[in-house]
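Dropping protein.txt in here (compact mmCIF, C-alpha atoms and all ligand atoms):
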```txt
# COMPACT_ATOMS: atom_id res chain seq x y z
CA MET I 135 6.26 91.29 -61.27
CA ALA I 136 3.32 92.07 -59.00
CA VAL I 137 3.08 89.73 -56.05
CA PRO I 138 -0.48 88.96 -54.94
CA PRO I 139 -1.11 90.13 -51.38
CA ALA I 140 -0.95 87.43 -48.73
CA PRO I 141 -4.41 86.47 -47.45
CA ARG I 142 -5.44 88.62 -44.50
CA THR I 143 -5.49 86.76 -41.23
CA PRO I 144 -8.12 86.19 -40.11
CA ALA I 145 -9.91 86.51 -43.43
CA ARG I 146 -13.06 88.64 -43.23
CA LEU I 147 -16.25 86.79 -44.21
CA VAL I 148 -19.68 88.16 -45.00
CA VAL I 149 -22.28 85.36 -44.95
CA LEU I 150 -25.65 85.74 -46.70
CA VAL I 151 -28.62 83.61 -45.59
CA SER I 152 -32.34 83.18 -46.25
CA GLY I 153 -33.36 80.48 -43.81
CA SER I 154 -32.51 78.40 -40.78
CA GLY I 155 -28.78 79.10 -40.98
CA THR I 156 -27.37 75.76 -39.86
CA ASN I 157 -24.51 76.20 -42.32
CA LEU I 158 -23.92 79.66 -40.90
CA GLN I 159 -23.93 78.18 -37.40
CA ALA I 160 -21.22 75.71 -38.40
CA LEU I 161 -19.09 78.58 -39.70
CA ILE I 162 -19.71 80.63 -36.55
CA GLU I 163 -18.55 77.75 -34.37
CA ALA I 164 -15.50 77.02 -36.53
CA SER I 165 -14.46 80.67 -36.55
CA THR I 166 -14.31 80.87 -32.76
CA ASP I 167 -11.01 78.98 -33.10
CA PRO I 168 -8.26 81.49 -33.99
CA GLU I 169 -6.51 78.74 -35.94
CA TYR I 170 -9.45 78.61 -38.33
CA GLY I 171 -8.22 81.79 -39.99
CA ALA I 172 -11.57 83.43 -40.73
CA THR I 173 -13.92 85.72 -38.87
CA ILE I 174 -17.53 86.54 -39.76
CA VAL I 175 -17.82 90.32 -39.90
CA ALA I 176 -21.49 90.45 -40.95
CA VAL I 177 -24.49 88.30 -41.82
CA GLY I 178 -26.95 89.58 -44.40
CA ALA I 179 -30.36 88.34 -45.48
CA ASP I 180 -33.06 89.03 -48.04
CA ARG I 181 -35.84 88.63 -45.46
CA ASP I 182 -36.60 89.30 -41.78
CA GLY I 183 -37.52 86.96 -39.00
CA ILE I 184 -35.33 84.03 -39.94
CA GLU I 185 -33.34 81.84 -37.61
CA GLY I 186 -30.19 82.57 -39.61
CA LEU I 187 -30.29 86.21 -38.47
CA ALA I 188 -31.11 85.20 -34.91
CA ARG I 189 -28.09 82.92 -34.81
CA ALA I 190 -25.85 85.83 -35.86
CA GLU I 191 -27.43 88.17 -33.29
CA ARG I 192 -26.90 85.62 -30.50
CA HIS I 193 -23.20 85.70 -31.36
CA ASP I 194 -23.04 89.51 -31.55
CA ILE I 195 -22.37 89.47 -35.27
CA GLU I 196 -23.64 92.50 -37.18
CA THR I 197 -26.64 91.80 -39.40
CA PHE I 198 -28.47 93.54 -42.24
CA VAL I 199 -31.58 92.86 -44.30
CA LEU I 200 -32.16 93.98 -47.88
CA ARG I 201 -35.56 92.88 -49.20
CA THR I 202 -36.01 92.90 -52.98
CA SER I 203 -39.50 94.38 -52.45
CA GLU I 204 -37.93 97.59 -51.08
CA PHE I 205 -36.22 98.34 -54.38
CA GLU I 206 -37.53 99.49 -57.71
CA ASP I 207 -36.23 96.43 -59.48
CA ARG I 208 -33.79 93.56 -59.11
CA PRO I 209 -30.79 95.47 -60.53
CA ALA I 210 -31.32 98.23 -57.93
CA TRP I 211 -31.41 95.58 -55.18
CA ASP I 212 -28.25 94.05 -56.60
CA VAL I 213 -26.41 97.40 -56.46
CA ALA I 214 -27.56 97.95 -52.86
CA LEU I 215 -26.45 94.45 -51.87
CA ALA I 216 -23.05 94.98 -53.48
CA ASP I 217 -22.62 98.33 -51.67
CA LYS I 218 -23.72 96.95 -48.32
CA VAL I 219 -21.44 93.92 -48.50
CA ALA I 220 -18.55 96.14 -49.67
CA SER I 221 -18.99 98.30 -46.57
CA TYR I 222 -17.71 95.33 -44.52
CA ASP I 223 -14.58 94.98 -46.69
CA PRO I 224 -14.78 91.18 -46.90
CA ASP I 225 -12.12 88.87 -48.31
CA LEU I 226 -14.74 86.20 -49.02
CA VAL I 227 -18.51 86.18 -49.28
CA VAL I 228 -20.31 82.94 -48.46
CA LEU I 229 -23.86 82.28 -49.64
CA ALA I 230 -25.15 79.78 -47.09
CA GLY I 231 -28.72 79.01 -48.10
CA PHE I 232 -29.18 82.43 -49.75
CA MET I 233 -32.17 82.01 -52.04
CA LYS I 234 -31.48 84.87 -54.44
CA LEU I 235 -29.26 85.11 -57.48
CA THR I 236 -26.59 87.75 -57.15
CA GLY I 237 -26.42 90.01 -60.21
CA PRO I 238 -23.85 91.87 -62.31
CA ALA I 239 -23.20 94.69 -59.81
CA PHE I 240 -22.52 92.19 -57.04
CA LEU I 241 -20.32 90.02 -59.23
CA ALA I 242 -18.37 93.06 -60.47
CA LEU I 243 -17.16 93.54 -56.88
CA PHE I 244 -17.19 90.02 -55.52
CA GLY I 245 -16.96 87.68 -58.51
CA GLY I 246 -14.17 85.17 -57.94
CA ARG I 247 -14.45 85.46 -54.15
CA THR I 248 -18.05 84.50 -53.50
CA LEU I 249 -18.74 80.88 -52.56
CA ASN I 250 -22.13 79.18 -52.64
CA THR I 251 -23.23 75.84 -51.34
CA HIS I 252 -25.87 73.82 -53.18
CA PRO I 253 -27.64 70.67 -51.95
CA ALA I 254 -27.00 68.51 -55.04
CA LEU I 255 -24.07 67.17 -57.03
CA SER I 256 -23.58 69.78 -59.74
CA PRO I 257 -24.16 69.87 -62.63
CA SER I 258 -27.24 67.81 -61.68
CA PHE I 259 -30.31 69.46 -60.16
CA PRO I 260 -29.46 73.16 -60.09
CA GLY I 261 -31.89 75.69 -58.63
CA MET I 262 -34.08 76.00 -55.60
CA HIS I 263 -35.10 72.36 -55.07
CA GLY I 264 -31.98 70.20 -55.32
CA PRO I 265 -33.12 67.45 -52.89
CA ARG I 266 -36.68 67.37 -54.26
CA ASP I 267 -35.46 67.14 -57.85
CA ALA I 268 -32.94 64.39 -57.02
CA LEU I 269 -35.65 62.39 -55.27
CA ALA I 270 -38.07 62.83 -58.16
CA TYR I 271 -35.44 61.69 -60.65
CA GLY I 272 -34.75 58.56 -58.59
CA VAL I 273 -30.98 58.92 -58.20
CA LYS I 274 -29.34 56.67 -55.60
CA VAL I 275 -26.57 59.11 -54.74
CA THR I 276 -26.80 62.86 -54.44
CA GLY I 277 -24.90 65.31 -52.23
CA ALA I 278 -23.72 68.87 -51.96
CA THR I 279 -21.48 71.14 -54.01
CA LEU I 280 -19.42 74.13 -52.90
CA PHE I 281 -18.61 76.41 -55.84
CA VAL I 282 -17.38 79.84 -56.84
CA VAL I 283 -20.37 81.92 -57.90
CA ASP I 284 -20.59 83.02 -61.51
CA GLU I 285 -23.48 84.52 -63.47
CA GLY I 286 -25.26 81.18 -63.95
CA VAL I 287 -27.52 79.19 -61.65
CA ASP I 288 -25.22 76.87 -59.68
CA THR I 289 -22.80 76.70 -62.61
CA GLY I 290 -19.57 78.13 -61.16
CA PRO I 291 -16.21 76.39 -60.74
CA ILE I 292 -16.44 73.62 -58.17
CA VAL I 293 -14.43 73.84 -54.93
CA ALA I 294 -15.59 70.56 -53.36
CA GLN I 295 -18.37 68.00 -53.47
CA VAL I 296 -19.63 65.43 -51.03
CA ALA I 297 -21.74 62.40 -51.94
CA VAL I 298 -24.74 61.34 -49.85
CA PRO I 299 -26.88 58.21 -50.36
CA VAL I 300 -30.58 58.42 -51.10
CA LEU I 301 -32.29 55.84 -48.89
CA ASP I 302 -35.53 53.93 -49.45
CA GLY I 303 -38.29 55.84 -47.74
CA ASP I 304 -36.59 59.21 -47.95
CA ASP I 305 -38.76 62.25 -48.37
CA GLU I 306 -37.45 65.69 -49.32
CA SER I 307 -36.94 66.67 -45.70
CA SER I 308 -35.08 63.53 -44.56
CA LEU I 309 -32.85 63.62 -47.64
CA HIS I 310 -32.10 67.33 -47.27
CA GLU I 311 -31.22 66.90 -43.58
CA ARG I 312 -28.78 64.07 -44.45
CA ILE I 313 -27.25 66.23 -47.18
CA LYS I 314 -26.94 69.19 -44.80
CA THR I 315 -24.98 67.15 -42.25
CA SER I 316 -22.31 66.44 -44.86
CA GLU I 317 -22.66 69.86 -46.46
CA ARG I 318 -21.81 71.67 -43.21
CA ALA I 319 -18.60 69.67 -42.73
CA MET I 320 -17.55 70.34 -46.33
CA LEU I 321 -18.33 74.04 -46.01
CA VAL I 322 -16.35 74.46 -42.79
CA GLU I 323 -13.37 72.55 -44.13
CA TRP I 324 -13.15 74.40 -47.44
CA VAL I 325 -14.01 77.90 -46.33
CA GLY I 326 -11.22 77.55 -43.76
CA THR I 327 -8.74 76.26 -46.33
CA LEU I 328 -9.54 78.99 -48.86
CA ALA I 329 -9.58 81.69 -46.19
CA ARG I 330 -6.16 80.67 -44.89
CA GLU I 331 -4.49 79.96 -48.21
CA GLY I 332 -6.34 82.06 -50.77
CA PHE I 333 -7.14 80.42 -54.06
CA HIS I 334 -6.99 80.81 -57.81
CA LEU I 335 -8.63 79.27 -60.83
CA GLU I 336 -6.99 77.07 -63.45
CA ASP I 337 -9.73 76.96 -66.07
CA ARG I 338 -12.59 75.54 -63.98
CA ALA I 339 -10.36 74.00 -61.32
CA VAL I 340 -10.25 75.84 -57.97
CA ARG I 341 -6.74 75.59 -56.49
CA PRO I 342 -5.85 76.73 -52.97
CA GLY I 343 -2.85 79.04 -52.78
CA PRO I 344 -1.62 82.01 -54.82
CA ASP I 345 -1.61 81.92 -58.60
CA HIS I 346 2.18 81.90 -59.09
CA PRO I 347 3.76 80.63 -55.88
C1 LIG Q 1 -28.59 74.31 -47.66
O1 LIG Q 1 -28.81 72.96 -47.92
C2 LIG Q 1 -28.11 75.02 -48.91
O2 LIG Q 1 -27.32 74.23 -49.72
C3 LIG Q 1 -29.42 75.32 -49.59
O3 LIG Q 1 -30.25 75.75 -48.55
C4 LIG Q 1 -29.90 75.05 -47.36
C5 LIG Q 1 -29.76 76.05 -46.26
O4 LIG Q 1 -29.74 75.43 -45.02
N1 LIG Q 1 -29.25 76.29 -50.61
C6 LIG Q 1 -29.87 76.22 -51.78
O5 LIG Q 1 -30.70 75.38 -52.07
C7 LIG Q 1 -29.49 77.33 -52.75
N2 LIG Q 1 -29.86 76.96 -54.08
P1 LIG Q 1 -29.40 76.26 -43.71
O6 LIG Q 1 -30.22 77.53 -43.76
O7 LIG Q 1 -29.82 75.39 -42.57
O8 LIG Q 1 -27.92 76.56 -43.72
```
Just give me the structure as structure tokens.
Ligand code: GAR
Amino acid sequence: MAVPPAPRTPARLVVLVSGSGTNLQALIEASTDPEYGATIVAVGADRDGIEGLARAERHDIETFVLRTSEFEDRPAWDVALADKVASYDPDLVVLAGFMKLTGPAFLALFGGRTLNTHPALSPSFPGMHGPRDALAYGVKVTGATLFVVDEGVDTGPIVAQVAVPVLDGDDESSLHERIKTSERAMLVEWVGTLAREGFHLEDRAVRPGPDHP
């Protein structure tokens, strides 16, 4: 019987960002500890001039930018993204505020080992505006969800969730900042666990460790 390979140590991470990169920063800081078990080999983005890329550069992490506007269509961008990420030979890909949907070419290579973090409690409020939509709905508790990316919008198997209260007087920004504080801790904890132990799926449940220990 084939034995699944032990996770590489440290696991190689490619992180994709579109914005300020505070989640990336948390991963960068965690990965400076050899015990964490993961190293960021590259940071990619779909746009220039963002703080997420600057954070990577300040830590001498390789960066790349692939803008959708440079490609004939979205599928061509998706193929280029898959090829570029593959060139870093990652064990895990982490979407940390990456505001694009990955497509079939990307998922053919990295499906099952791409994690995304979303600022809402899935399955509520998928999409680009999780905090805004939660506030508009009037929920009293929202949060963040770490999940394994599939072809849907924020629909993949859930790794972890953290609940965050909505307070009277919150606006989108104050709520999102409170969510992000908890989101960063969840991301660091679970990326480390999955990088060190590997993981497998039992239906929709994400279980650390090899499939048949
Ligand atoms: C995070 O809250 C992340 O969940 C969200 O963008 C923020 C990025 O913050 N992602 C999405 O909304 C994706 N649908 P950061 O750039 O400071 O890490």
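The two atoms in question, atom CA of I:Ser308 and atom CA of I:Pro265, are spaced 9.4 Å apart.
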Closest contacts (chain I/ligand LIG 1 (chain Q), max 10 Å, only C-alpha atoms and all ligand atoms) as JSON lines:
```
{"residue": "I:Leu150", "atom": "CA", "partner": "Q:LIG1", "partner_atom": "O6", "distance": 9.8}
{"residue": "I:Val151", "atom": "CA", "partner": "Q:LIG1", "partner_atom": "O6", "distance": 6.5}
{"residue": "I:Ser152", "atom": "CA", "partner": "Q:LIG1", "partner_atom": "O6", "distance": 6.5}
{"residue": "I:Gly153", "atom": "CA", "partner": "Q:LIG1", "partner_atom": "O6", "distance": 4.3}
{"residue": "I:Ser154", "atom": "CA", "partner": "Q:LIG1", "partner_atom": "O6", "distance": 3.9}
{"residue": "I:Gly155", "atom": "CA", "partner": "Q:LIG1", "partner_atom": "O6", "distance": 3.5}
{"residue": "I:Thr156", "atom": "CA", "partner": "Q:LIG1", "partner_atom": "O7", "distance": 3.7}
{"residue": "I:Asn157", "atom": "CA", "partner": "Q:LIG1", "partner_atom": "O8", "distance": 3.7}
{"residue": "I:Leu158", "atom": "CA", "partner": "Q:LIG1", "partner_atom": "O8", "distance": 5.8}
{"residue": "I:Gln159", "atom": "CA", "partner": "Q:LIG1", "partner_atom": "O8", "distance": 7.6}
{"residue": "I:Ala160", "atom": "CA", "partner": "Q:LIG1", "partner_atom": "O8", "distance": 8.6}
{"residue": "I:Leu161", "atom": "CA", "partner": "Q:LIG1", "partner_atom": "O8", "distance": 9.9}
{"residue": "I:Ile184", "atom": "CA", "partner": "Q:LIG1", "partner_atom": "O6", "distance": 9.1}
{"residue": "I:Glu185", "atom": "CA", "partner": "Q:LIG1", "partner_atom": "O6", "distance": 8.1}
{"residue": "I:Gly186", "atom": "CA", "partner": "Q:LIG1", "partner_atom": "O6", "distance": 6.5}
{"residue": "I:Leu229", "atom": "CA", "partner": "Q:LIG1", "partner_atom": "C7", "distance": 8.1}
{"residue": "I:Ala230", "atom": "CA", "partner": "Q:LIG1", "partner_atom": "O8", "distance": 5.4}
{"residue": "I:Gly231", "atom": "CA", "partner": "Q:LIG1", "partner_atom": "O3", "distance": 3.6}
{"residue": "I:Phe232", "atom": "CA", "partner": "Q:LIG1", "partner_atom": "C7", "distance": 5.9}
{"residue": "I:Met233", "atom": "CA", "partner": "Q:LIG1", "partner_atom": "C7", "distance": 5.4}
{"residue": "I:Lys234", "atom": "CA", "partner": "Q:LIG1", "partner_atom": "C7", "distance": 8.0}
{"residue": "I:Leu235", "atom": "CA", "partner": "Q:LIG1", "partner_atom": "N2", "distance": 8.9}
{"residue": "I:Asn250", "atom": "CA", "partner": "Q:LIG1", "partner_atom": "C7", "distance": 7.6}
{"residue": "I:Thr251", "atom": "CA", "partner": "Q:LIG1", "partner_atom": "O2", "distance": 4.7}
{"residue": "I:His252", "atom": "CA", "partner": "Q:LIG1", "partner_atom": "O2", "distance": 3.8}
{"residue": "I:Pro253", "atom": "CA", "partner": "Q:LIG1", "partner_atom": "O2", "distance": 4.2}
{"residue": "I:Ala254", "atom": "CA", "partner": "Q:LIG1", "partner_atom": "O2", "distance": 7.8}
{"residue": "I:Phe259", "atom": "CA", "partner": "Q:LIG1", "partner_atom": "N2", "distance": 9.7}
{"residue": "I:Pro260", "atom": "CA", "partner": "Q:LIG1", "partner_atom": "N2", "distance": 7.1}
{"residue": "I:Gly261", "atom": "CA", "partner": "Q:LIG1", "partner_atom": "N2", "distance": 5.1}
{"residue": "I:Met262", "atom": "CA", "partner": "Q:LIG1", "partner_atom": "N2", "distance": 4.6}
{"residue": "I:His263", "atom": "CA", "partner": "Q:LIG1", "partner_atom": "O5", "distance": 6.1}
{"residue": "I:Gly264", "atom": "CA", "partner": "Q:LIG1", "partner_atom": "O5", "distance": 6.2}
{"residue": "I:Pro265", "atom": "CA", "partner": "Q:LIG1", "partner_atom": "O5", "distance": 8.3}
{"residue": "I:Gly277", "atom": "CA", "partner": "Q:LIG1", "partner_atom": "O2", "distance": 9.6}
{"residue": "I:Ala278", "atom": "CA", "partner": "Q:LIG1", "partner_atom": "O2", "distance": 6.8}
{"residue": "I:Thr279", "atom": "CA", "partner": "Q:LIG1", "partner_atom": "O2", "distance": 7.9}
{"residue": "I:Leu280", "atom": "CA", "partner": "Q:LIG1", "partner_atom": "O2", "distance": 8.5}
{"residue": "I:Val287", "atom": "CA", "partner": "Q:LIG1", "partner_atom": "N2", "distance": 8.2}
{"residue": "I:Asp288", "atom": "CA", "partner": "Q:LIG1", "partner_atom": "N2", "distance": 7.3}
{"residue": "I:His310", "atom": "CA", "partner": "Q:LIG1", "partner_atom": "O1", "distance": 6.6}
{"residue": "I:Glu311", "atom": "CA", "partner": "Q:LIG1", "partner_atom": "O1", "distance": 7.8}
{"residue": "I:Arg312", "atom": "CA", "partner": "Q:LIG1", "partner_atom": "O1", "distance": 9.5}
{"residue": "I:Ile313", "atom": "CA", "partner": "Q:LIG1", "partner_atom": "O1", "distance": 6.9}
{"residue": "I:Lys314", "atom": "CA", "partner": "Q:LIG1", "partner_atom": "O1", "distance": 5.2}
{"residue": "I:Thr315", "atom": "CA", "partner": "Q:LIG1", "partner_atom": "O1", "distance": 9.0}
{"residue": "I:Ser316", "atom": "CA", "partner": "Q:LIG1", "partner_atom": "O1", "distance": 9.7}
{"residue": "I:Glu317", "atom": "CA", "partner": "Q:LIG1", "partner_atom": "O1", "distance": 7.0}
{"residue": "I:Arg318", "atom": "CA", "partner": "Q:LIG1", "partner_atom": "O8", "distance": 7.8}
{"residue": "I:Leu321", "atom": "CA", "partner": "Q:LIG1", "partner_atom": "O2", "distance": 9.7}
```
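Neighbours of I:Ile174 closer than or equal to 9 Å, with all atoms listed in the file counted and sequence neighbours fewer than 4 positions away skipped, come out as Ala145, Arg146, Leu147, Val148, Val149, Leu161, Ile162, Ser165, Ile195, Glu196 and Pro224 of chain I.
The shortest atom-to-atom distance to I:Pro238, with all atoms listed in the file taken into account, belongs to I:Asp284 out of I:Glu306, I:Glu331, I:Asp284, I:Glu191.
Note that the spacing between atom CA of I:Pro257 and atom CA of I:Thr327 amounts to 23.3 Å.
Of the listed residues I:Asp337, I:Glu285, I:Glu163, I:Glu323, the one whose atoms come nearest to I:Arg189 is I:Glu163, with distances taken using all atoms listed in the file.
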For I:Val340, which of I:Leu255, I:Gly303, I:Ala294, I:Val322 is the closest residue, counting only C-alpha atoms? I:Ala294
Residues near I:Asp305, anyone? I mean within 10 Å using all atoms listed in the file, not counting same-chain ones fewer than 4 positions away, as a count of residues only. 8
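Take atom CA of I:Arg330 and atom CA of I:Val177: the distance between them is 20.1 Å.
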Residues within 9 Å of I:Val325, please, as a PyMOL selection string. Count all atoms listed in the file; anything in the same chain fewer than 6 positions from it doesn't count. chain I and resi 161+172+226+228+249
Please determine the residues with any atom at most 10 Å from (-14.6, 75.7, -56.1) (coordinates as given in the file, with only C-alpha atoms counting) and report them as a short mmCIF file (atom, residue, chain, number, x, y, z; two decimals) with C-alpha atoms, keeping the file's coordinate frame.
```cif
data_model
loop_
_atom_site.label_atom_id
_atom_site.label_comp_id
_atom_site.auth_asym_id
_atom_site.auth_seq_id
_atom_site.Cartn_x
_atom_site.Cartn_y
_atom_site.Cartn_z
CA GLY I 246 -14.17 85.17 -57.94
CA ARG I 247 -14.45 85.46 -54.15
CA THR I 248 -18.05 84.50 -53.50
CA LEU I 249 -18.74 80.88 -52.56
CA ASN I 250 -22.13 79.18 -52.64
CA THR I 251 -23.23 75.84 -51.34
CA THR I 279 -21.48 71.14 -54.01
CA LEU I 280 -19.42 74.13 -52.90
CA PHE I 281 -18.61 76.41 -55.84
CA VAL I 282 -17.38 79.84 -56.84
CA VAL I 283 -20.37 81.92 -57.90
CA GLY I 290 -19.57 78.13 -61.16
CA PRO I 291 -16.21 76.39 -60.74
CA ILE I 292 -16.44 73.62 -58.17
CA VAL I 293 -14.43 73.84 -54.93
CA ALA I 294 -15.59 70.56 -53.36
CA GLN I 295 -18.37 68.00 -53.47
CA TRP I 324 -13.15 74.40 -47.44
CA LEU I 328 -9.54 78.99 -48.86
CA PHE I 333 -7.14 80.42 -54.06
CA HIS I 334 -6.99 80.81 -57.81
CA LEU I 335 -8.63 79.27 -60.83
CA ARG I 338 -12.59 75.54 -63.98
CA ALA I 339 -10.36 74.00 -61.32
CA VAL I 340 -10.25 75.84 -57.97
CA ARG I 341 -6.74 75.59 -56.49
CA PRO I 342 -5.85 76.73 -52.97
#
```
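Those residues positioned at most 12 Å from (-34.0, 99.9, -49.6) are I:Asp180, I:Phe198, I:Val199, I:Leu200, I:Arg201, I:Thr202, I:Ser203, I:Glu204, I:Phe205, I:Glu206, I:Asp207, I:Arg208, I:Ala210, I:Trp211, I:Asp212, I:Val213, I:Ala214, I:Leu215, I:Asp217, I:Lys218, judged using all atoms listed in the file.
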